[in-house]
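Chemist: Below is the file run_9.tsv, which contains TSV, C-alpha atoms.
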```tsv
chain	number	residue	atom	x	y	z
A	1	MET	CA	5.31	12.03	-15.00
A	2	LYS	CA	5.57	9.06	-12.63
A	3	THR	CA	4.57	9.71	-9.02
A	4	VAL	CA	7.27	8.43	-6.67
A	5	PHE	CA	6.01	9.89	-3.38
A	6	LYS	CA	2.57	10.93	-2.27
A	7	ARG	CA	0.36	11.34	0.76
A	8	PRO	CA	-1.16	8.05	1.96
A	9	HIS	CA	-4.89	7.86	1.35
A	10	ALA	CA	-5.45	7.00	5.02
A	11	LEU	CA	-3.94	10.37	6.00
A	12	LYS	CA	-6.19	13.37	5.44
A	13	ASP	CA	-4.92	16.35	3.50
A	14	LYS	CA	-5.00	18.68	6.49
A	15	HIS	CA	-2.48	20.93	8.22
A	16	MET	CA	-1.38	19.38	11.51
A	17	HIS	CA	-1.27	21.33	14.75
A	18	TYR	CA	2.00	19.86	16.06
A	19	CYS	CA	4.98	22.07	16.88
A	20	PRO	CA	7.78	22.35	14.30
A	21	GLY	CA	10.15	19.43	14.64
A	22	CYS	CA	7.71	17.24	16.57
A	23	THR	CA	7.77	13.72	15.19
A	24	HIS	CA	4.10	12.93	15.86
A	25	GLY	CA	3.44	13.76	12.21
A	26	ILE	CA	6.00	11.22	11.04
A	27	VAL	CA	4.37	8.49	13.10
A	28	HIS	CA	0.94	9.48	11.76
A	29	ARG	CA	2.22	9.03	8.24
A	30	LEU	CA	3.73	5.63	9.04
A	31	ILE	CA	0.43	4.40	10.47
A	32	ALA	CA	-1.42	5.70	7.41
A	33	GLU	CA	1.05	4.01	5.04
A	34	VAL	CA	0.58	0.72	6.89
A	35	ILE	CA	-3.21	1.04	6.71
A	36	ASP	CA	-2.96	1.65	2.96
A	37	GLU	CA	-0.57	-1.24	2.37
A	38	LEU	CA	-2.69	-3.68	4.36
A	39	GLY	CA	-5.87	-2.49	2.63
A	40	ILE	CA	-7.72	-2.04	5.92
A	41	GLU	CA	-8.83	1.60	5.84
A	42	GLY	CA	-12.50	0.66	5.65
A	43	LYS	CA	-12.35	-1.53	8.75
A	44	THR	CA	-9.83	0.34	10.90
A	45	ILE	CA	-10.95	2.18	14.04
A	46	GLY	CA	-8.52	4.38	15.94
A	47	VAL	CA	-8.86	5.63	19.51
A	48	ALA	CA	-7.43	9.04	20.37
A	49	SER	CA	-6.66	9.79	23.99
A	50	VAL	CA	-5.59	12.99	25.78
A	51	GLY	CA	-2.31	14.80	25.14
A	52	CYS	CA	-0.66	16.41	22.13
A	53	SER	CA	-2.41	13.88	19.90
A	54	TYR	CA	-5.86	14.43	21.40
A	55	ASN	CA	-7.34	15.49	18.05
A	56	ASN	CA	-5.61	13.05	15.73
A	57	TYR	CA	-9.10	11.93	14.75
A	58	GLU	CA	-8.92	14.92	12.38
A	59	TYR	CA	-5.94	13.45	10.52
A	60	PHE	CA	-6.74	9.78	9.87
A	61	ASN	CA	-9.10	8.81	7.08
A	62	CYS	CA	-10.75	6.08	9.13
A	63	ASP	CA	-13.27	5.88	11.93
A	64	MET	CA	-11.94	7.36	15.17
A	65	ALA	CA	-13.18	7.57	18.75
A	66	GLN	CA	-12.11	9.90	21.56
A	67	ALA	CA	-11.25	8.48	24.98
A	68	ALA	CA	-10.86	10.09	28.38
A	69	HIS	CA	-7.33	10.59	29.68
A	70	GLY	CA	-5.56	7.22	29.86
A	71	ARG	CA	-8.65	5.21	29.00
A	72	ALA	CA	-7.97	4.50	25.33
A	73	PRO	CA	-7.23	0.78	25.91
A	74	ALA	CA	-10.57	0.37	27.68
A	75	VAL	CA	-12.43	2.13	24.88
A	76	ALA	CA	-10.54	0.10	22.28
A	77	THR	CA	-11.35	-3.11	24.16
A	78	GLY	CA	-15.06	-2.35	23.98
A	79	ILE	CA	-14.90	-1.46	20.28
A	80	LYS	CA	-12.91	-4.57	19.38
A	81	ARG	CA	-15.10	-6.96	21.36
A	82	VAL	CA	-18.24	-5.60	19.73
A	83	ASN	CA	-16.58	-5.47	16.30
A	84	PRO	CA	-14.07	-8.36	16.28
A	85	GLY	CA	-13.62	-8.11	12.52
A	86	ASN	CA	-12.30	-4.57	12.72
A	87	VAL	CA	-8.70	-3.48	13.24
A	88	VAL	CA	-8.54	-1.30	16.35
A	89	PHE	CA	-5.59	0.80	17.48
A	90	THR	CA	-4.89	3.32	20.22
A	91	TYR	CA	-2.52	6.24	19.84
A	92	GLN	CA	-1.17	7.42	23.21
A	93	GLY	CA	1.60	9.52	24.70
A	94	ASP	CA	3.69	8.76	27.76
A	95	GLY	CA	1.83	11.13	30.07
A	96	ASP	CA	-1.40	9.43	29.03
A	97	LEU	CA	-0.38	5.77	28.84
A	98	ALA	CA	2.38	5.57	31.45
A	99	SER	CA	0.78	7.75	34.13
A	100	ILE	CA	-3.00	8.01	34.47
A	101	GLY	CA	-3.48	5.10	32.05
A	102	THR	CA	-0.95	2.64	33.48
A	103	ALA	CA	-3.56	0.24	34.86
A	104	GLU	CA	-5.53	0.36	31.61
A	105	ILE	CA	-2.61	-0.66	29.41
A	106	VAL	CA	-1.35	-3.32	31.83
A	107	HIS	CA	-4.72	-5.03	32.11
A	108	ALA	CA	-5.44	-4.79	28.38
A	109	ALA	CA	-2.16	-6.63	27.85
A	110	MET	CA	-2.92	-9.06	30.67
A	111	ARG	CA	-6.25	-9.96	29.05
A	112	GLY	CA	-4.56	-10.36	25.69
A	113	GLU	CA	-6.93	-7.90	24.07
A	114	LYS	CA	-6.58	-8.10	20.30
A	115	ILE	CA	-5.81	-4.41	19.85
A	116	THR	CA	-2.72	-2.50	18.81
A	117	THR	CA	-1.22	0.39	20.76
A	118	ILE	CA	1.10	3.02	19.30
A	119	PHE	CA	2.89	4.51	22.31
A	120	ILE	CA	4.70	7.83	21.81
A	121	ASN	CA	7.49	8.33	24.36
A	122	ASN	CA	9.00	11.82	24.35
A	123	ALA	CA	9.92	11.74	28.05
A	124	ILE	CA	7.76	14.72	28.98
A	125	TYR	CA	4.21	16.04	29.16
A	126	GLY	CA	3.95	17.90	25.87
A	127	MET	CA	0.51	19.49	25.67
A	128	THR	CA	0.39	20.79	29.25
A	129	SER	CA	3.64	22.80	29.20
A	130	GLY	CA	6.42	20.32	29.85
A	131	GLN	CA	5.93	18.71	33.23
A	132	MET	CA	7.88	15.65	34.34
A	133	ALA	CA	6.39	12.40	33.02
A	134	PRO	CA	6.86	8.82	34.24
A	135	THR	CA	9.33	8.44	31.38
A	136	THR	CA	11.38	11.60	32.08
A	137	LEU	CA	15.07	10.69	32.29
A	138	ILE	CA	17.31	11.03	35.34
A	139	ASN	CA	18.57	14.65	35.62
A	140	GLN	CA	16.24	15.79	32.83
A	141	VAL	CA	14.94	19.30	33.51
A	142	THR	CA	11.20	19.92	33.19
A	143	THR	CA	8.83	22.57	34.50
A	144	THR	CA	8.12	20.43	37.57
A	145	SER	CA	11.70	19.19	38.01
A	146	PRO	CA	13.70	22.40	37.47
A	147	PHE	CA	16.82	20.83	39.01
A	148	GLY	CA	16.40	17.63	37.04
A	149	ARG	CA	14.74	14.35	37.87
A	150	LYS	CA	16.25	12.83	41.01
A	151	PRO	CA	15.56	9.12	41.66
A	152	GLU	CA	15.59	9.55	45.42
A	153	LEU	CA	12.85	12.18	45.11
A	154	HIS	CA	10.93	11.32	41.94
A	155	GLY	CA	11.71	7.64	41.38
A	156	TYR	CA	13.11	6.11	38.22
A	157	PRO	CA	11.87	6.45	34.62
A	158	LEU	CA	9.31	3.77	33.79
A	159	LYS	CA	10.30	1.29	31.09
A	160	VAL	CA	6.85	0.47	29.76
A	161	SER	CA	7.84	-1.95	27.02
A	162	GLU	CA	10.03	-4.03	29.31
A	163	MET	CA	7.18	-4.21	31.81
A	164	LEU	CA	4.57	-5.23	29.24
A	165	ALA	CA	6.88	-7.80	27.66
A	166	THR	CA	6.64	-9.84	30.89
A	167	ILE	CA	2.86	-10.19	30.48
A	168	GLU	CA	1.68	-13.35	28.77
A	169	GLY	CA	-1.17	-11.68	26.83
A	170	ALA	CA	1.22	-9.22	25.18
A	171	VAL	CA	2.50	-11.11	22.14
A	172	PHE	CA	4.33	-8.38	20.24
A	173	VAL	CA	6.33	-5.62	21.93
A	174	GLU	CA	8.89	-3.46	20.15
A	175	ARG	CA	10.59	-0.12	20.76
A	176	VAL	CA	11.60	2.03	17.80
A	177	SER	CA	12.81	5.58	17.19
A	178	THR	CA	12.25	8.51	14.86
A	179	HIS	CA	15.68	10.14	15.04
A	180	ASP	CA	16.86	9.23	11.54
A	181	ILE	CA	15.65	7.70	8.26
A	182	LYS	CA	16.90	4.18	8.99
A	183	ASN	CA	15.03	4.07	12.28
A	184	ILE	CA	11.90	5.62	10.79
A	185	LEU	CA	11.82	2.80	8.23
A	186	ASN	CA	12.30	0.26	11.03
A	187	ALA	CA	9.46	1.94	12.94
A	188	LYS	CA	7.15	1.39	9.99
A	189	LYS	CA	8.06	-2.31	9.85
A	190	ALA	CA	7.26	-2.68	13.55
A	191	ILE	CA	3.94	-0.86	13.24
A	192	LYS	CA	2.97	-3.01	10.27
A	193	LYS	CA	3.80	-6.22	12.14
A	194	ALA	CA	1.85	-5.03	15.18
A	195	PHE	CA	-1.22	-4.57	13.00
A	196	GLN	CA	-0.66	-7.96	11.36
A	197	VAL	CA	-0.43	-9.61	14.78
A	198	GLN	CA	-3.85	-8.20	15.58
A	199	MET	CA	-5.26	-9.27	12.22
A	200	ALA	CA	-4.03	-12.80	12.94
A	201	ASN	CA	-5.89	-12.72	16.29
A	202	LEU	CA	-2.72	-13.54	18.22
A	203	GLY	CA	-3.17	-11.09	21.10
A	204	PHE	CA	-2.11	-7.65	22.30
A	205	SER	CA	0.56	-5.72	20.37
A	206	ILE	CA	2.36	-2.47	21.16
A	207	VAL	CA	5.00	-0.35	19.47
A	208	GLU	CA	6.78	2.23	21.62
A	209	VAL	CA	8.15	5.11	19.54
A	210	LEU	CA	10.89	7.35	20.90
A	211	SER	CA	9.85	10.80	19.71
A	212	SER	CA	11.18	14.35	19.97
A	213	CYS	CA	9.61	17.35	21.70
A	214	PRO	CA	11.77	20.33	20.70
A	215	THR	CA	9.45	22.92	22.27
A	216	ASN	CA	9.39	21.48	25.78
A	217	TRP	CA	12.96	20.21	25.63
A	218	GLY	CA	14.06	23.75	24.75
A	219	MET	CA	15.94	22.65	21.64
A	220	ASN	CA	15.82	23.15	17.91
A	221	PRO	CA	14.50	20.21	15.88
A	222	VAL	CA	17.93	18.96	14.76
A	223	LYS	CA	19.34	18.97	18.27
A	224	ALA	CA	16.20	17.26	19.57
A	225	LEU	CA	16.68	14.34	17.17
A	226	ALA	CA	20.29	14.02	18.33
A	227	TRP	CA	19.06	14.08	21.95
A	228	ILE	CA	16.93	11.00	21.28
A	229	LYS	CA	20.01	9.11	20.10
A	230	GLU	CA	22.39	10.39	22.75
A	231	ASN	CA	20.12	10.35	25.81
A	232	MET	CA	16.92	8.36	25.31
A	233	ILE	CA	18.19	5.29	23.49
A	234	PRO	CA	20.86	4.44	26.12
A	235	TYR	CA	18.07	4.20	28.73
A	236	TYR	CA	15.33	2.98	26.40
A	237	PRO	CA	17.15	0.59	24.03
A	238	ILE	CA	15.45	0.16	20.67
A	239	GLY	CA	14.63	-3.28	19.34
A	240	ASN	CA	12.16	-6.10	19.66
A	241	LEU	CA	11.35	-7.25	23.18
A	242	LYS	CA	8.79	-9.92	22.34
A	243	GLY	CA	7.32	-11.62	19.29
A	244	LYS	CA	10.14	-11.05	16.79
A	245	ASP	CA	9.69	-14.47	15.19
A	246	LEU	CA	5.89	-14.51	15.08
A	247	GLU	CA	4.51	-15.75	11.79
A	248	VAL	CA	1.88	-13.29	10.53
```
Turn the structure described in the file into structure tokens.

Modeler:
Amino acid sequence: MKTVFKRPHALKDKHMHYCPGCTHGIVHRLIAEVIDELGIEGKTIGVASVGCSYNNYEYFNCDMAQAAHGRAPAVATGIKRVNPGNVVFTYQGDGDLASIGTAEIVHAAMRGEKITTIFINNAIYGMTSGQMAPTTLINQVTTTSPFGRKPELHGYPLKVSEMLATIEGAVFVERVSTHDIKNILNAKKAIKKAFQVQMANLGFSIVEVLSSCPTNWGMNPVKALAWIKENMIPYYPIGNLKGKDLEV
């Protein structure tokens, strides 16, 4: 019998710890498929930071390092500079990258570090019980904004990709989503190009992925996917922000 679908070799055969309906697992698979297709498993090094994905080093079949909260770009910078022939990526959530790690990601982009960042934006702190994140939407209810996010009190949601796209060293910036099959396939294309940009030594690349968090949003998985489309995408438009026409 012909095999038409199987687990990527770069993804370990291990039960994941993510909540039901969380789309972290989908993004893990996309990264693993890209690693397989590019034939780079033996020279890929991932950097896990702090958040729901803190232990994703248990899931990828490549070398992984653990970074302190928000410091994955700094760790990845050191790894890449010492091992320029390797493909180095960070996997970070919005509480990690857009809050405590804001300076790290901005300056990695500013320096044009030849690393790739996969940025998971679910508009909330997932692992630590659902607090408001820098990316939490206006009027979105969280454990620390029980009456919803108010701009006059909490400020506005941070558009990370738009900010990084203004930096010269960031050569590829794209925002994608996981709310349906079409967009999941587009997400894979963006992740693959981000890796190829690094392999071509062109500079810093980042893919922001709009992801669901049914547990902390207080929704079932189906409704959470619809919430991405109806609420997140209007504020965080999907598409390429920089580097669409790069030849890699």

Chemist: Would you mind reading off the distance between CA of Asn220 in chain A and CA of Thr135 in chain A, one decimal, in Å?

Modeler: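 Taking CA of Asn220 in chain A as the start and CA of Thr135 in chain A as the end point, the length is 21.0 Å.
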
Chemist: For range 81-88 of chain A, I'd like the enclosing box, axis-aligned and padded by 6 Å on every side, reported as AutoDock Vina command-line options with centre and edge lengths in Å to one decimal.

Modeler:
```
--center_x -13.4 --center_y -4.8 --center_z 16.9 --size_x 21.7 --size_y 19.1 --size_z 20.8
```

Chemist: Considering only C-alpha atoms, state which residue in the set A:Tyr236, A:Tyr59, A:Tyr125, A:Tyr156 is at the smallest distance from Arg175 in chain A.

Modeler: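 Answer, going by the shortest atom-to-atom distance: A:Tyr236.
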
Chemist: Rank A:Gly78, A:Gly39, A:Gly93, A:Gly239 by their smallest atom-to-atom distance to Tyr54 in chain A, using all atoms listed in the file, and report the top residue only.

Modeler: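 Once distances to Tyr54 in chain A are computed over all atoms listed in the file, the minimum belongs to A:Gly93.
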
Chemist: Could you state the separation of CA of Phe195 in chain A and CA of Ala76 in chain A in Å, given to one decimal place?

Modeler: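 Between these atoms lies a distance of 14.0 Å.
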
Chemist: Would you please work out which residue, of A:Arg29, A:Lys80, A:Arg149, A:Lys159, is nearest to Thr102 in chain A when using all atoms listed in the file?

Modeler: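 Once distances to Thr102 in chain A are computed over all atoms listed in the file, the minimum belongs to A:Lys159.
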
Chemist: Of the residues A:Trp217, A:Phe5, A:Tyr18, A:Tyr91, which is the one nearest to Phe60 in chain A, using only C-alpha atoms?

Modeler: A:Tyr91

Chemist: Compile the contact shell of range 23-25 of chain A as an NGL selection string: residues with an atom at most 7 Å away, counting only C-alpha atoms, same-chain residues fewer than 5 positions apart removed.

Modeler: :A and (178 or 211-212)

Chemist: Can you pull out every residue within 10 Å of Ile124 in chain A, counting only C-alpha atoms, but drop anything in the same chain fewer than 3 positions away, and send it as a CSV table (one decimal) with C-alpha atoms, in the frame of the given file?

Modeler:
```
chain,number,residue,atom,x,y,z
A,93,GLY,CA,1.6,9.5,24.7
A,94,ASP,CA,3.7,8.8,27.8
A,95,GLY,CA,1.8,11.1,30.1
A,121,ASN,CA,7.5,8.3,24.4
A,127,MET,CA,0.5,19.5,25.7
A,128,THR,CA,0.4,20.8,29.2
A,129,SER,CA,3.6,22.8,29.2
A,130,GLY,CA,6.4,20.3,29.8
A,131,GLN,CA,5.9,18.7,33.2
A,132,MET,CA,7.9,15.6,34.3
A,133,ALA,CA,6.4,12.4,33.0
A,134,PRO,CA,6.9,8.8,34.2
A,135,THR,CA,9.3,8.4,31.4
A,136,THR,CA,11.4,11.6,32.1
A,137,LEU,CA,15.1,10.7,32.3
A,140,GLN,CA,16.2,15.8,32.8
A,141,VAL,CA,14.9,19.3,33.5
A,142,THR,CA,11.2,19.9,33.2
A,143,THR,CA,8.8,22.6,34.5
A,212,SER,CA,11.2,14.4,20.0
A,213,CYS,CA,9.6,17.4,21.7
A,216,ASN,CA,9.4,21.5,25.8
A,217,TRP,CA,13.0,20.2,25.6
```

Chemist: Take CA of Ile181 in chain A and CA of Leu210 in chain A and report the distance between them in Å, one decimal.

Modeler: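 Taking CA of Ile181 in chain A and CA of Leu210 in chain A, their separation equals 13.5 Å.
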
Chemist: If you count all atoms listed in the file, which residues fall within 8 Å of Ile191 in chain A, apart from same-chain ones fewer than 2 positions away, as a PDB file with C-alpha atoms, keeping the file's coordinate frame?

Modeler:
```
ATOM      1  CA  LEU A  30       3.730   5.630   9.040  1.00  0.00           C
ATOM      2  CA  ILE A  31       0.430   4.400  10.470  1.00  0.00           C
ATOM      3  CA  VAL A  34       0.580   0.720   6.890  1.00  0.00           C
ATOM      4  CA  ILE A 118       1.100   3.020  19.300  1.00  0.00           C
ATOM      5  CA  ALA A 187       9.460   1.940  12.940  1.00  0.00           C
ATOM      6  CA  LYS A 188       7.150   1.390   9.990  1.00  0.00           C
ATOM      7  CA  LYS A 189       8.060  -2.310   9.850  1.00  0.00           C
ATOM      8  CA  LYS A 193       3.800  -6.220  12.140  1.00  0.00           C
ATOM      9  CA  ALA A 194       1.850  -5.030  15.180  1.00  0.00           C
ATOM     10  CA  PHE A 195      -1.220  -4.570  13.000  1.00  0.00           C
ATOM     11  CA  VAL A 207       5.000  -0.350  19.470  1.00  0.00           C
TER      12      VAL A 207
END
```

Chemist: Excluding Thr44 in chain A and residues on its chain fewer than 2 positions from it, collect all residues at most 8 Å away from it, counting all atoms listed in the file, and give them as a ChimeraX atom specification.

Modeler: /A:35,40-42,46,62-63,86-89

Chemist: Would you list the contacts of Ala226 in chain A as a PyMOL selection string, taking every protein, DNA or RNA residue within 7 Å and counting all atoms listed in the file, but skipping same-chain residues closer than 4 positions in sequence?

Modeler: chain A and resi 179+222+230

Chemist: For Glu113 in chain A, which residue out of A:Met219, A:Ala170, A:Val176, A:Val75 is the nearest one, using all atoms listed in the file?

Modeler: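 Checking each of A:Met219, A:Ala170, A:Val176, A:Val75 against Glu113 in chain A, counting all atoms listed in the file, the winner is A:Ala170.
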
Chemist: Which residue is closest to Val197 in chain A? Choose from A:Asn231, A:Thr116, A:Ser99, A:Gln66 and count all atoms listed in the file.

Modeler: A:Thr116
